[in-house]
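Peer 1: Next up, data.txt (compact mmCIF, C-alpha atoms).
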# COMPACT_ATOMS: atom_id res chain seq x y z
CA MET A 1 -120.21 -3.31 -16.54
CA ARG A 2 -119.95 -0.59 -19.16
CA LYS A 3 -121.59 1.89 -16.76
CA LEU A 4 -119.12 0.96 -14.05
CA ILE A 5 -116.18 1.54 -16.38
CA VAL A 6 -117.62 4.90 -17.43
CA LEU A 7 -118.14 5.86 -13.77
CA LEU A 8 -114.60 4.80 -12.82
CA GLY A 9 -113.27 6.72 -15.82
CA LEU A 10 -115.11 9.86 -14.77
CA LEU A 11 -113.93 9.57 -11.17
CA GLY A 12 -110.36 8.84 -12.24
CA GLY A 13 -110.38 11.72 -14.70
CA GLY A 14 -111.81 14.09 -12.14
CA PHE A 15 -109.25 13.08 -9.54
CA THR A 16 -106.39 13.40 -12.02
CA GLY A 17 -107.64 16.85 -13.01
CA PHE A 18 -107.86 17.83 -9.33
CA LEU A 19 -104.24 16.75 -8.78
CA LEU A 20 -103.13 18.67 -11.87
CA VAL A 21 -104.77 21.78 -10.48
CA VAL A 22 -103.29 21.38 -6.99
CA PHE A 23 -99.80 20.52 -8.27
CA ASN A 24 -99.97 22.87 -11.24
CA PRO A 25 -96.32 23.32 -12.32
CA LEU A 26 -97.18 26.53 -14.14
CA VAL A 27 -98.07 28.29 -10.90
CA GLU A 28 -95.30 29.33 -8.55
CA ASP A 29 -95.34 31.60 -5.53
CA SER A 30 -92.48 34.03 -5.16
CA LEU A 31 -91.10 33.38 -1.68
CA GLN A 32 -88.85 35.53 0.44
CA ARG A 33 -85.25 34.32 0.69
CA GLU A 34 -83.80 33.48 4.07
CA ILE A 35 -82.30 36.69 5.43
CA VAL A 36 -78.57 36.33 6.07
CA GLY A 37 -77.24 38.29 9.02
CA ALA A 38 -80.70 38.93 10.41
CA GLY A 39 -81.77 38.66 14.03
CA VAL A 40 -82.97 35.07 14.30
CA TYR A 41 -85.60 34.08 16.85
CA ARG A 42 -87.21 30.68 17.32
CA TYR A 43 -90.55 29.83 18.87
CA ALA A 44 -92.39 26.68 19.89
CA SER A 45 -95.92 27.48 20.95
CA SER A 46 -98.95 25.46 21.91
CA ASP A 47 -101.00 28.65 22.24
CA VAL A 48 -102.21 28.50 18.63
CA TYR A 49 -105.94 28.68 17.97
CA GLY A 50 -108.17 28.62 14.91
CA MET A 51 -107.97 27.29 11.37
CA HIS A 52 -105.74 24.26 10.70
CA SER A 53 -102.81 24.90 8.38
CA THR A 54 -102.99 21.29 7.21
CA ALA A 55 -104.04 20.08 3.75
CA ASP A 56 -107.68 19.62 4.79
CA GLY A 57 -107.75 23.06 6.39
CA LEU A 58 -106.23 24.71 3.34
CA LEU A 59 -108.73 22.96 1.07
CA ASN A 60 -111.60 24.08 3.33
CA ILE A 61 -112.74 20.57 4.23
CA ALA A 62 -111.35 20.38 7.78
CA ARG A 63 -114.80 21.06 9.22
CA LEU A 64 -116.13 18.01 7.39
CA LEU A 65 -113.28 15.78 8.56
CA ARG A 66 -112.59 17.10 12.05
CA GLY A 67 -115.73 18.96 13.11
CA PRO A 68 -115.95 22.62 14.15
CA ALA A 69 -112.72 24.59 14.48
CA ASP A 70 -111.74 26.62 17.53
CA PHE A 71 -113.57 29.64 16.12
CA ASP A 72 -117.06 28.82 14.90
CA GLU A 73 -118.19 32.40 14.26
CA SER A 74 -118.44 32.94 10.51
CA ALA A 75 -116.37 36.16 10.49
CA ILE A 76 -113.32 34.54 12.12
CA ARG A 77 -113.68 30.93 10.97
CA ASN A 78 -110.65 31.19 8.67
CA THR A 79 -108.29 32.90 11.09
CA VAL A 80 -105.47 31.87 13.42
CA ALA A 81 -104.41 33.53 16.67
CA ALA A 82 -101.21 32.68 18.53
CA VAL A 83 -99.01 33.77 21.41
CA MET A 84 -95.37 32.82 21.48
CA VAL A 85 -92.15 33.39 23.40
CA LEU A 86 -89.23 34.16 21.08
CA ARG A 87 -85.83 32.70 21.90
CA ASP A 88 -82.40 33.66 20.61
CA SER A 89 -79.67 31.35 19.31
CA SER A 90 -78.70 30.34 22.86
CA ASP A 91 -82.33 29.41 23.58
CA ALA A 92 -82.79 32.30 26.02
CA PRO A 93 -86.22 34.00 25.98
CA VAL A 94 -85.71 37.53 24.68
CA ALA A 95 -89.12 38.63 23.38
CA PHE A 96 -92.77 37.66 23.20
CA ALA A 97 -95.22 38.03 20.37
CA THR A 98 -98.78 37.65 19.20
CA ARG A 99 -99.63 36.72 15.61
CA LEU A 100 -103.08 37.14 14.04
CA SER A 101 -103.56 35.57 10.59
CA ALA A 102 -106.44 35.32 8.15
CA SER A 103 -106.74 33.43 4.89
CA GLU A 104 -106.36 35.86 2.01
CA ARG A 105 -109.64 37.05 0.54
CA ASN A 106 -110.72 35.60 -2.80
CA SER A 107 -107.98 32.97 -2.99
CA ASN A 108 -108.46 30.77 -6.03
CA LEU A 109 -107.69 27.07 -6.45
CA LEU A 110 -107.24 27.40 -10.21
CA PHE A 111 -104.39 29.86 -9.68
CA GLY A 112 -102.86 27.82 -6.84
CA GLU A 113 -103.43 30.52 -4.24
CA PHE A 114 -103.24 29.09 -0.73
CA ARG A 115 -102.38 32.27 1.06
CA THR A 116 -102.76 33.90 4.42
CA ARG A 117 -101.96 37.38 5.64
CA SER A 118 -100.26 37.59 9.02
CA TYR A 119 -99.83 40.46 11.47
CA TRP A 120 -97.37 40.40 14.34
CA ASN A 121 -96.80 42.44 17.44
CA ILE A 122 -93.45 41.73 19.11
CA PHE A 123 -92.37 43.08 22.50
CA TRP A 124 -88.82 42.99 23.79
CA PRO A 125 -89.37 43.59 27.54
CA ASN A 126 -87.51 46.65 28.77
CA ARG A 127 -86.66 47.59 25.17
CA GLY A 128 -89.66 48.23 22.93
CA SER A 129 -92.06 46.83 20.36
CA VAL A 130 -92.66 46.49 16.61
CA TYR A 131 -95.53 45.65 14.26
CA MET A 132 -94.97 43.33 11.28
CA GLN A 133 -97.11 42.15 8.41
CA SER A 134 -96.77 40.06 5.27
CA LEU A 135 -98.56 37.83 2.82
CA GLU A 136 -97.73 34.13 3.21
CA SER A 137 -97.94 31.12 0.92
CA ARG A 138 -98.91 27.68 2.20
CA ARG A 139 -98.57 25.82 -1.13
CA GLU A 140 -95.55 23.79 0.01
CA LEU A 141 -97.44 22.66 3.09
CA LEU A 142 -100.42 21.65 0.97
CA HIS A 143 -98.27 19.80 -1.55
CA ASP A 144 -96.48 17.86 1.16
CA GLY A 145 -99.73 17.09 2.96
CA MET A 146 -101.29 15.83 -0.29
CA SER A 147 -98.18 13.81 -1.22
CA SER A 148 -98.18 12.19 2.18
CA PHE A 149 -101.87 11.33 1.82
CA LEU A 150 -101.42 9.84 -1.66
CA VAL A 151 -98.14 7.96 -1.39
CA GLY A 152 -97.66 7.68 2.36
CA GLY A 153 -94.56 8.55 4.32
CA GLU A 154 -93.59 11.61 6.24
CA PRO A 155 -94.79 14.87 4.63
CA GLN A 156 -91.41 16.50 4.35
CA ALA A 157 -90.80 16.84 0.62
CA GLY A 158 -89.98 20.49 1.25
CA GLY A 159 -87.52 19.52 3.95
CA GLU A 160 -87.99 20.47 7.56
CA ARG A 161 -88.13 24.17 6.79
CA TYR A 162 -91.07 25.79 5.02
CA MET A 163 -90.60 29.41 4.03
CA LEU A 164 -93.99 31.07 4.49
CA THR A 165 -93.24 34.70 3.74
CA MET A 166 -93.82 35.87 0.19
CA ALA A 167 -91.59 38.27 -1.69
CA GLY A 168 -92.48 41.19 -3.91
CA GLU A 169 -94.25 44.47 -3.45
CA GLY A 170 -97.67 42.86 -3.34
CA ALA A 171 -96.72 40.89 -0.24
CA GLY A 172 -96.55 44.12 1.77
CA ASN A 173 -93.74 42.73 3.92
CA ARG A 174 -92.68 45.34 6.46
CA ILE A 175 -91.65 46.02 10.03
CA VAL A 176 -92.87 49.23 11.68
CA GLY A 177 -91.44 50.44 14.98
CA ILE A 178 -93.98 51.13 17.72
CA SER A 179 -92.35 52.02 21.02
CA GLY A 180 -89.24 52.29 23.15
CA LEU A 181 -85.89 51.69 21.49
CA TYR A 182 -87.72 50.47 18.36
CA SER A 183 -90.03 53.47 17.98
CA SER A 184 -88.50 54.56 14.67
CA ALA A 185 -87.51 51.12 13.42
CA THR A 186 -88.14 49.92 9.86
CA GLY A 187 -87.34 46.69 8.06
CA HIS A 188 -88.59 43.42 6.72
CA TYR A 189 -88.70 39.81 7.88
CA SER A 190 -89.04 36.13 6.94
CA GLU A 191 -90.86 33.39 8.76
CA VAL A 192 -89.91 29.74 8.38
CA LEU A 193 -92.14 27.01 9.74
CA LEU A 194 -90.18 24.10 11.28
CA ASN A 195 -91.42 20.49 11.17
CA PRO A 196 -95.07 21.56 10.99
CA ILE A 197 -96.52 18.07 10.61
CA ASN A 198 -94.52 16.20 13.23
CA ASP A 199 -96.38 17.59 16.22
CA PRO A 200 -99.58 19.39 15.22
CA ASP A 201 -100.21 20.55 18.80
CA ILE A 202 -97.06 22.65 18.89
CA GLN A 203 -96.21 25.18 16.21
CA ARG A 204 -92.49 25.71 15.72
CA GLY A 205 -90.98 28.41 13.64
CA GLU A 206 -88.15 30.81 13.05
CA LEU A 207 -88.32 34.55 12.52
CA GLN A 208 -85.53 36.35 10.70
CA LEU A 209 -85.79 40.07 11.35
CA SER A 210 -83.87 42.68 9.39
CA ILE A 211 -84.41 45.83 11.45
CA LYS A 212 -82.93 49.31 11.04
CA ARG A 213 -83.27 51.48 14.13
CA MET B 1 -112.38 20.78 -14.22
CA ILE B 2 -111.05 24.26 -14.88
CA THR B 3 -114.44 25.77 -14.10
CA GLY B 4 -114.70 23.65 -10.97
CA ALA B 5 -111.26 24.73 -9.79
CA TYR B 6 -112.10 28.38 -10.46
CA PHE B 7 -115.25 28.22 -8.36
CA TYR B 8 -113.92 25.86 -5.65
CA PRO B 9 -114.72 27.46 -2.28
CA LEU B 10 -111.33 27.90 -0.64
CA PRO B 11 -111.37 29.56 2.82
CA ASN B 12 -112.59 33.12 2.35
CA GLN B 13 -113.57 35.99 4.59
CA LEU B 14 -117.13 37.01 5.31
CA ARG B 15 -117.64 40.74 5.13
CA VAL B 16 -119.62 41.89 8.17
CA ARG B 17 -121.44 45.21 8.17
CA SER B 18 -119.26 47.96 9.65
CA ASP B 19 -120.85 50.01 12.45
CA ILE B 20 -119.10 53.28 11.60
CA GLU B 21 -120.36 56.67 12.69
CA VAL B 22 -119.27 59.74 10.73
CA VAL B 23 -118.31 62.59 13.04
CA ALA B 24 -118.38 66.35 12.48
CA ASN B 25 -114.70 66.84 11.61
CA GLY B 26 -114.86 64.31 8.81
CA GLY B 27 -113.48 61.48 10.88
CA ARG B 28 -115.04 58.14 11.58
CA LYS B 29 -115.88 56.68 14.97
CA GLU B 30 -116.05 52.92 15.39
CA ASP B 31 -116.52 51.06 18.65
CA PHE B 32 -115.34 47.52 19.33
CA TYR B 33 -116.40 45.41 22.30
CA ILE B 34 -114.86 42.48 24.16
CA HIS B 35 -116.93 40.43 26.59
CA LEU B 36 -114.19 39.72 29.06
CA ASP B 37 -115.11 36.20 30.03
CA ARG B 38 -116.43 34.52 26.90
CA ASP B 39 -114.30 36.39 24.36
CA ARG B 40 -110.96 35.61 25.98
CA ILE B 41 -109.11 33.05 23.85
CA THR B 42 -105.99 32.64 25.99
CA GLN B 43 -103.80 34.40 28.44
CA ALA B 44 -100.62 32.43 27.83
CA GLN B 45 -99.54 33.31 31.31
CA GLN B 46 -97.58 30.18 32.14
CA ASP B 47 -95.11 30.41 29.27
CA LEU B 48 -94.76 34.15 29.58
CA VAL B 49 -94.41 34.32 33.34
CA ALA B 50 -91.80 31.57 33.21
CA ALA B 51 -89.89 33.41 30.50
CA PHE B 52 -90.38 36.96 31.77
CA PRO B 53 -91.15 37.07 35.48
CA ALA B 54 -90.80 40.86 35.49
CA GLN B 55 -93.94 42.74 36.41
CA GLY B 56 -96.06 44.03 33.56
CA THR B 57 -95.31 41.47 30.87
CA HIS B 58 -98.63 40.16 29.63
CA ALA B 59 -100.37 38.92 26.45
CA ASP B 60 -104.06 38.21 25.83
CA LEU B 61 -106.02 37.06 22.79
CA PHE B 62 -109.67 38.03 22.39
CA LYS B 63 -112.57 37.82 19.98
CA LEU B 64 -113.76 41.24 18.90
CA ARG B 65 -117.41 42.33 18.55
CA ASN B 66 -119.16 45.21 16.85
CA THR B 67 -121.84 47.45 18.35
CA SER B 68 -124.49 44.84 17.51
CA GLY B 69 -122.64 42.22 19.54
CA LYS B 70 -121.58 40.18 16.50
CA VAL B 71 -118.07 38.68 16.45
CA ILE B 72 -116.20 40.44 13.63
CA GLY B 73 -112.53 39.82 14.32
CA LEU B 74 -109.66 39.08 16.68
CA ALA B 75 -107.58 41.24 18.98
CA SER B 76 -104.38 40.83 20.95
CA ARG B 77 -103.43 42.98 23.93
CA MET B 78 -99.81 43.05 25.03
CA THR B 79 -98.18 44.97 27.85
CA SER B 80 -94.60 45.37 28.96
CA LEU B 81 -92.28 47.85 30.58
CA ILE B 82 -90.28 49.91 28.10
CA PRO B 83 -87.93 52.88 28.44
CA ASP B 84 -89.23 56.38 27.72
CA ALA B 85 -87.20 59.23 26.22
CA ASN B 86 -85.55 59.88 29.61
CA GLY B 87 -84.58 56.25 30.06
CA GLU B 88 -87.19 55.68 32.73
CA PHE B 89 -89.39 52.61 32.47
CA GLU B 90 -93.13 52.82 31.93
CA LEU B 91 -95.86 50.35 31.12
CA ALA B 92 -96.73 50.25 27.40
CA VAL B 93 -99.91 48.72 25.97
CA ASN B 94 -100.35 47.57 22.36
CA TRP B 95 -103.62 46.42 20.80
CA LEU B 96 -103.44 44.53 17.49
CA LEU B 97 -106.86 44.29 15.84
CA LEU B 98 -107.66 42.03 12.87
CA LEU B 99 -110.93 42.37 10.98
CA PRO B 100 -110.40 39.60 8.38
CA SER B 101 -112.50 41.10 5.60
CA ARG B 102 -111.22 44.66 6.15
CA GLY B 103 -107.63 44.64 7.35
CA SER B 104 -105.67 45.16 10.51
CA PHE B 105 -104.36 48.02 12.63
CA LEU B 106 -102.32 48.57 15.76
CA LEU B 107 -103.18 50.84 18.67
CA SER B 108 -100.50 51.90 21.13
CA GLN B 109 -100.62 53.58 24.50
CA ASN B 110 -98.15 54.40 27.20
CA PRO B 111 -98.57 56.50 30.32
CA SER B 112 -96.77 59.51 28.92
CA SER B 113 -99.31 59.65 26.09
CA LEU B 114 -102.19 60.27 28.48
CA SER B 115 -103.74 63.71 28.33
CA PRO B 116 -103.06 65.89 31.40
CA ALA B 117 -106.68 65.63 32.45
CA LEU B 118 -106.59 61.85 32.33
CA ALA B 119 -103.18 61.61 33.95
CA GLU B 120 -104.17 63.76 36.89
CA GLY B 121 -107.79 63.10 37.31
CA ALA B 122 -110.58 60.88 38.33
CA ASN B 123 -110.80 59.10 35.00
CA LEU B 124 -107.82 56.97 35.89
CA GLU B 125 -109.86 55.61 38.77
CA LEU B 126 -112.22 54.24 36.13
CA ASN B 127 -109.18 52.77 34.40
CA ILE B 128 -109.80 54.66 31.19
CA GLN B 129 -106.78 54.56 28.91
CA GLN B 130 -106.14 56.24 25.63
CA GLY B 131 -103.59 56.12 22.87
CA ARG B 132 -103.11 56.43 19.16
CA MET B 133 -103.44 54.33 16.05
CA VAL B 134 -99.89 53.75 14.81
CA VAL B 135 -100.19 51.69 11.65
CA GLY B 136 -102.73 49.77 9.60
CA ASP B 137 -103.25 48.04 6.29
CA ARG B 138 -105.95 47.72 3.59
CA GLU B 139 -109.02 49.66 4.76
CA PHE B 140 -106.97 51.19 7.59
CA SER B 141 -103.81 51.96 5.64
CA GLU B 142 -104.55 55.64 5.12
CA LEU B 143 -106.13 56.37 8.48
CA ALA B 144 -104.71 57.82 11.69
CA GLY B 145 -106.24 58.80 14.97
CA SER B 146 -106.81 57.91 18.57
CA TYR B 147 -108.61 55.43 20.76
CA VAL B 148 -109.98 55.08 24.25
CA GLU B 149 -110.03 51.81 26.20
CA MET B 150 -112.76 51.72 28.82
CA PRO B 151 -114.19 48.95 31.04
CA LEU B 152 -117.99 48.80 31.11
CA SER B 153 -120.60 46.74 32.85
CA LYS B 154 -123.38 45.76 30.45
CA ASP B 155 -126.40 43.49 30.44
CA THR B 156 -125.41 41.92 27.13
CA ASP B 157 -127.89 39.03 27.18
CA GLY B 158 -130.89 40.96 28.48
CA ASP B 159 -131.19 38.60 31.45
CA GLY B 160 -130.66 41.28 34.07
CA LYS B 161 -127.10 40.14 34.83
CA ALA B 162 -124.30 42.58 34.12
CA GLU B 163 -121.20 41.36 32.31
CA SER B 164 -117.76 42.95 32.22
CA VAL B 165 -117.20 44.42 28.79
CA LEU B 166 -114.17 46.24 27.43
CA LEU B 167 -114.85 49.05 24.98
CA LEU B 168 -112.29 50.13 22.41
CA SER B 169 -113.58 53.33 20.89
CA THR B 170 -111.59 54.49 17.85
CA LEU B 171 -111.71 57.89 16.18
CA LEU B 172 -109.88 57.80 12.86
CA VAL B 173 -109.42 60.33 10.06
CA GLY B 174 -107.96 60.00 6.61
CA VAL B 175 -104.34 61.03 6.08
CA ASP B 176 -102.52 61.95 2.92
CA PRO B 177 -100.51 58.85 1.92
CA ALA B 178 -97.77 61.13 0.57
Translate this file's structure into structure tokens.

Peer 2:
Amino acid sequence: MRKLIVLLGLLGGGFTGFLLVVFNPLVEDSLQREIVGAGVYRYASSDVYGMHSTADGLLNIARLLRGPADFDESAIRNTVAAVMVLRDSSDAPVAFATRLSASERNSNLLFGEFRTRSYWNIFWPNRGSVYMQSLESRRELLHDGMSSFLVGGEPQAGGERYMLTMAGEGAGNRIVGISGLYSSATGHYSEVLLNPINDPDIQRGELQLSIKR
Amino acid sequence: MITGAYFYPLPNQLRVRSDIEVVANGGRKEDFYIHLDRDRITQAQQDLVAAFPAQGTHADLFKLRNTSGKVIGLASRMTSLIPDANGEFELAVNWLLLLPSRGSFLLSQNPSSLSPALAEGANLELNIQQGRMVVGDREFSELAGSYVEMPLSKDTDGDGKAESVLLLSTLLVGVDPA
């Protein structure tokens, strides 16, 4: 009996410590603010392949729970590739984009780093194209996923909008013009994930682009 | 617990050996390969064609291999018509390459960027295209240069059967960040 109590104590202590690390209130990511007056584009894409952005994926245990991911090659195992059509406020398709993302190298659980780096190429047909990149934080997604697992309910503690894009110089957030009418464009952007848990087969999001041409 | 959290294996990126060849002018040549059937991730044609029925709008996702045939990253290829300086429309091609342990860079090509020899000559019959590296980050942040896109037919498995392979050959040199 005493051994059982000791074992339960160890397991309980370990689990509590794990939760303290994951929900560490001393660690906070600096996120980009929503950009007022920006060009706003929404997407809803099922053409998303690779690592899961769910709690198990972020904690690197998705392969144990769900089996091999879309990409089984070791060099691209922790990446995501997507194609999406971007729509304006009247839901008209105005651009299309590809996004390639990779989990940030040397992320550390102790410091609450659940980060990816994303690269975009956006084409406005008959107009031109831009390149975009930024560091992203997925802590809110992880926290909501964990909360949902522990206490049940819909994982929406952060609301239905999850700001992914990080702020600050280290995030490297930038837009670079590539061709056509955007060939000399510069700027920055924000990406907000919309209802990410409700339908895991479709990724919905919103891009807010602040572009100077 | 603190030690365990510090060493917990979150998703990380495996560094794969880079097959880079140093060339005489101080630049670096690196070739990337795409096996057109098995490395294609998606074409996303249905959504795109429905949204943009105009000719030339296209997006592909691929896995990217090094000279040894090992998968080392991802690539996207996008095409669309865009206006040139004279307001006339031409087909533009963008390649976005991601090597997770090294960084990312974008290659861009449009018909007016072709050299006169390529624009006039027989090489177009082989569908060789060329362009320039526009922007990159991390390992590629202070590099600039050019690339050639060339379809090949290679016996990649050694079974005597040729496979369609796309070669992206990059020639990059260091630039002064200032």

Peer 1: Kindly assemble as a tab-separated table a list of the chain A residues that lie within 7 Å of chain B, each paired with its nearest atom pair and their distance in Å to one decimal, using only C-alpha atoms, sorted first by chain and then by ascending residue number.

Peer 2:
residue	atom	partner	partner_atom	distance
A:Gly17	CA	B:Met1	CA	6.3
A:Asp47	CA	B:Ala44	CA	6.8
A:Leu59	CA	B:Leu10	CA	5.8
A:Asn60	CA	B:Pro11	CA	5.5
A:Glu73	CA	B:Val71	CA	6.7
A:Ser74	CA	B:Leu14	CA	6.7
A:Ala75	CA	B:Leu14	CA	5.3
A:Ile76	CA	B:Gly73	CA	5.8
A:Asn78	CA	B:Pro11	CA	6.1
A:Val83	CA	B:Ala44	CA	6.8
A:Val85	CA	B:Leu48	CA	6.8
A:Pro93	CA	B:Ala51	CA	5.9
A:Thr98	CA	B:Ser76	CA	6.7
A:Leu100	CA	B:Leu98	CA	6.8
A:Ala102	CA	B:Pro100	CA	5.8
A:Ser103	CA	B:Pro11	CA	6.4
A:Glu104	CA	B:Asn12	CA	6.8
A:Arg105	CA	B:Asn12	CA	5.2
A:Asn106	CA	B:Asn12	CA	6.0
A:Ser107	CA	B:Leu10	CA	6.5
A:Asn108	CA	B:Tyr6	CA	6.2
A:Leu109	CA	B:Ala5	CA	5.4
A:Leu110	CA	B:Ala5	CA	4.8
A:Asn121	CA	B:Leu96	CA	7.0
A:Pro125	CA	B:Ser80	CA	5.7
A:Asn126	CA	B:Ile82	CA	4.3
A:Arg127	CA	B:Ile82	CA	5.2
A:Gly128	CA	B:Ile82	CA	5.5
A:Gly180	CA	B:Pro83	CA	5.5

Peer 1: Under the rule that all atoms listed in the file are counted, which of B:Ser18, B:Ser153, B:Ser141, B:Gln129 is the nearest residue to Thr67 (chain B)?

Peer 2: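 Of B:Ser18, B:Ser153, B:Ser141, B:Gln129, the one nearest Thr67 (chain B), counting all atoms listed in the file, is B:Ser18.
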
Peer 1: Show me, as a list in words, the residues that have an atom within 6 Å of Ile122 (chain A) when counting only C-alpha atoms, minus same-chain residues fewer than 6 positions from it.

Peer 2: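 Contacts, with the query itself left out: Phe96, Ala97, Ser129 and Val130 of chain A.
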
Peer 1: Just C-alpha atoms for this one: save the residues we selected as a short mmCIF file (atom, residue, chain, number, x, y, z; two decimals), in the frame of the given file.

Peer 2:
data_model
loop_
_atom_site.label_atom_id
_atom_site.label_comp_id
_atom_site.auth_asym_id
_atom_site.auth_seq_id
_atom_site.Cartn_x
_atom_site.Cartn_y
_atom_site.Cartn_z
CA PHE A 96 -92.77 37.66 23.20
CA ALA A 97 -95.22 38.03 20.37
CA SER A 129 -92.06 46.83 20.36
CA VAL A 130 -92.66 46.49 16.61
#

Peer 1: So that I can check the surroundings of Leu164 (chain A), please list as a list in words every protein, DNA and RNA residue that reaches within 6 Å of it, counting only C-alpha atoms and ignoring chain neighbours fewer than 3 positions away.

Peer 2: Glu136, Ser137, Glu191 and Val192 of chain A

Peer 1: May I have the residues from that selection written out with C-alpha atoms, as a CSV table (one decimal), in the frame of the given file?

Peer 2:
chain,number,residue,atom,x,y,z
A,136,GLU,CA,-97.7,34.1,3.2
A,137,SER,CA,-97.9,31.1,0.9
A,191,GLU,CA,-90.9,33.4,8.8
A,192,VAL,CA,-89.9,29.7,8.4

Peer 1: Using all atoms listed in the file, determine which residues lie at most 10 Å from Gly69 (chain B), disregarding the query and same-chain residues fewer than 3 positions distant; provide the list as a list in words.

Peer 2: Phe32, Tyr33, Ile34, His35, Leu64, Arg65, Asn66, Ile72, Thr156 and Asp157 of chain B

Peer 1: Please produce a file of the residues just selected, as a tab-separated table (two decimals), keeping the file's coordinate frame, where the atoms kept are C-alpha atoms.

Peer 2:
chain	number	residue	atom	x	y	z
B	32	PHE	CA	-115.34	47.52	19.33
B	33	TYR	CA	-116.40	45.41	22.30
B	34	ILE	CA	-114.86	42.48	24.16
B	35	HIS	CA	-116.93	40.43	26.59
B	64	LEU	CA	-113.76	41.24	18.90
B	65	ARG	CA	-117.41	42.33	18.55
B	66	ASN	CA	-119.16	45.21	16.85
B	72	ILE	CA	-116.20	40.44	13.63
B	156	THR	CA	-125.41	41.92	27.13
B	157	ASP	CA	-127.89	39.03	27.18

Peer 1: Which is closest to Met51 (chain A) among A:Ser101, A:Ser30, A:Ser148, A:Ser134, if we use all atoms listed in the file?

Peer 2: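 The closest residue to Met51 (chain A) is A:Ser101.
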
Peer 1: Distance CA of Ser190 (chain A)-CA of Arg139 (chain A), one decimal place?

Peer 2: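 Separation of CA of Ser190 (chain A) and CA of Arg139 (chain A): 16.2 Å.
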
Peer 1: Which residue gives the smallest distance to Leu172 (chain B) among B:Gly26, B:Gly131, B:Pro151, B:Gly145, with only C-alpha atoms counted?

Peer 2: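 Residue with the minimum atom-to-atom distance to Leu172 (chain B): B:Gly145.
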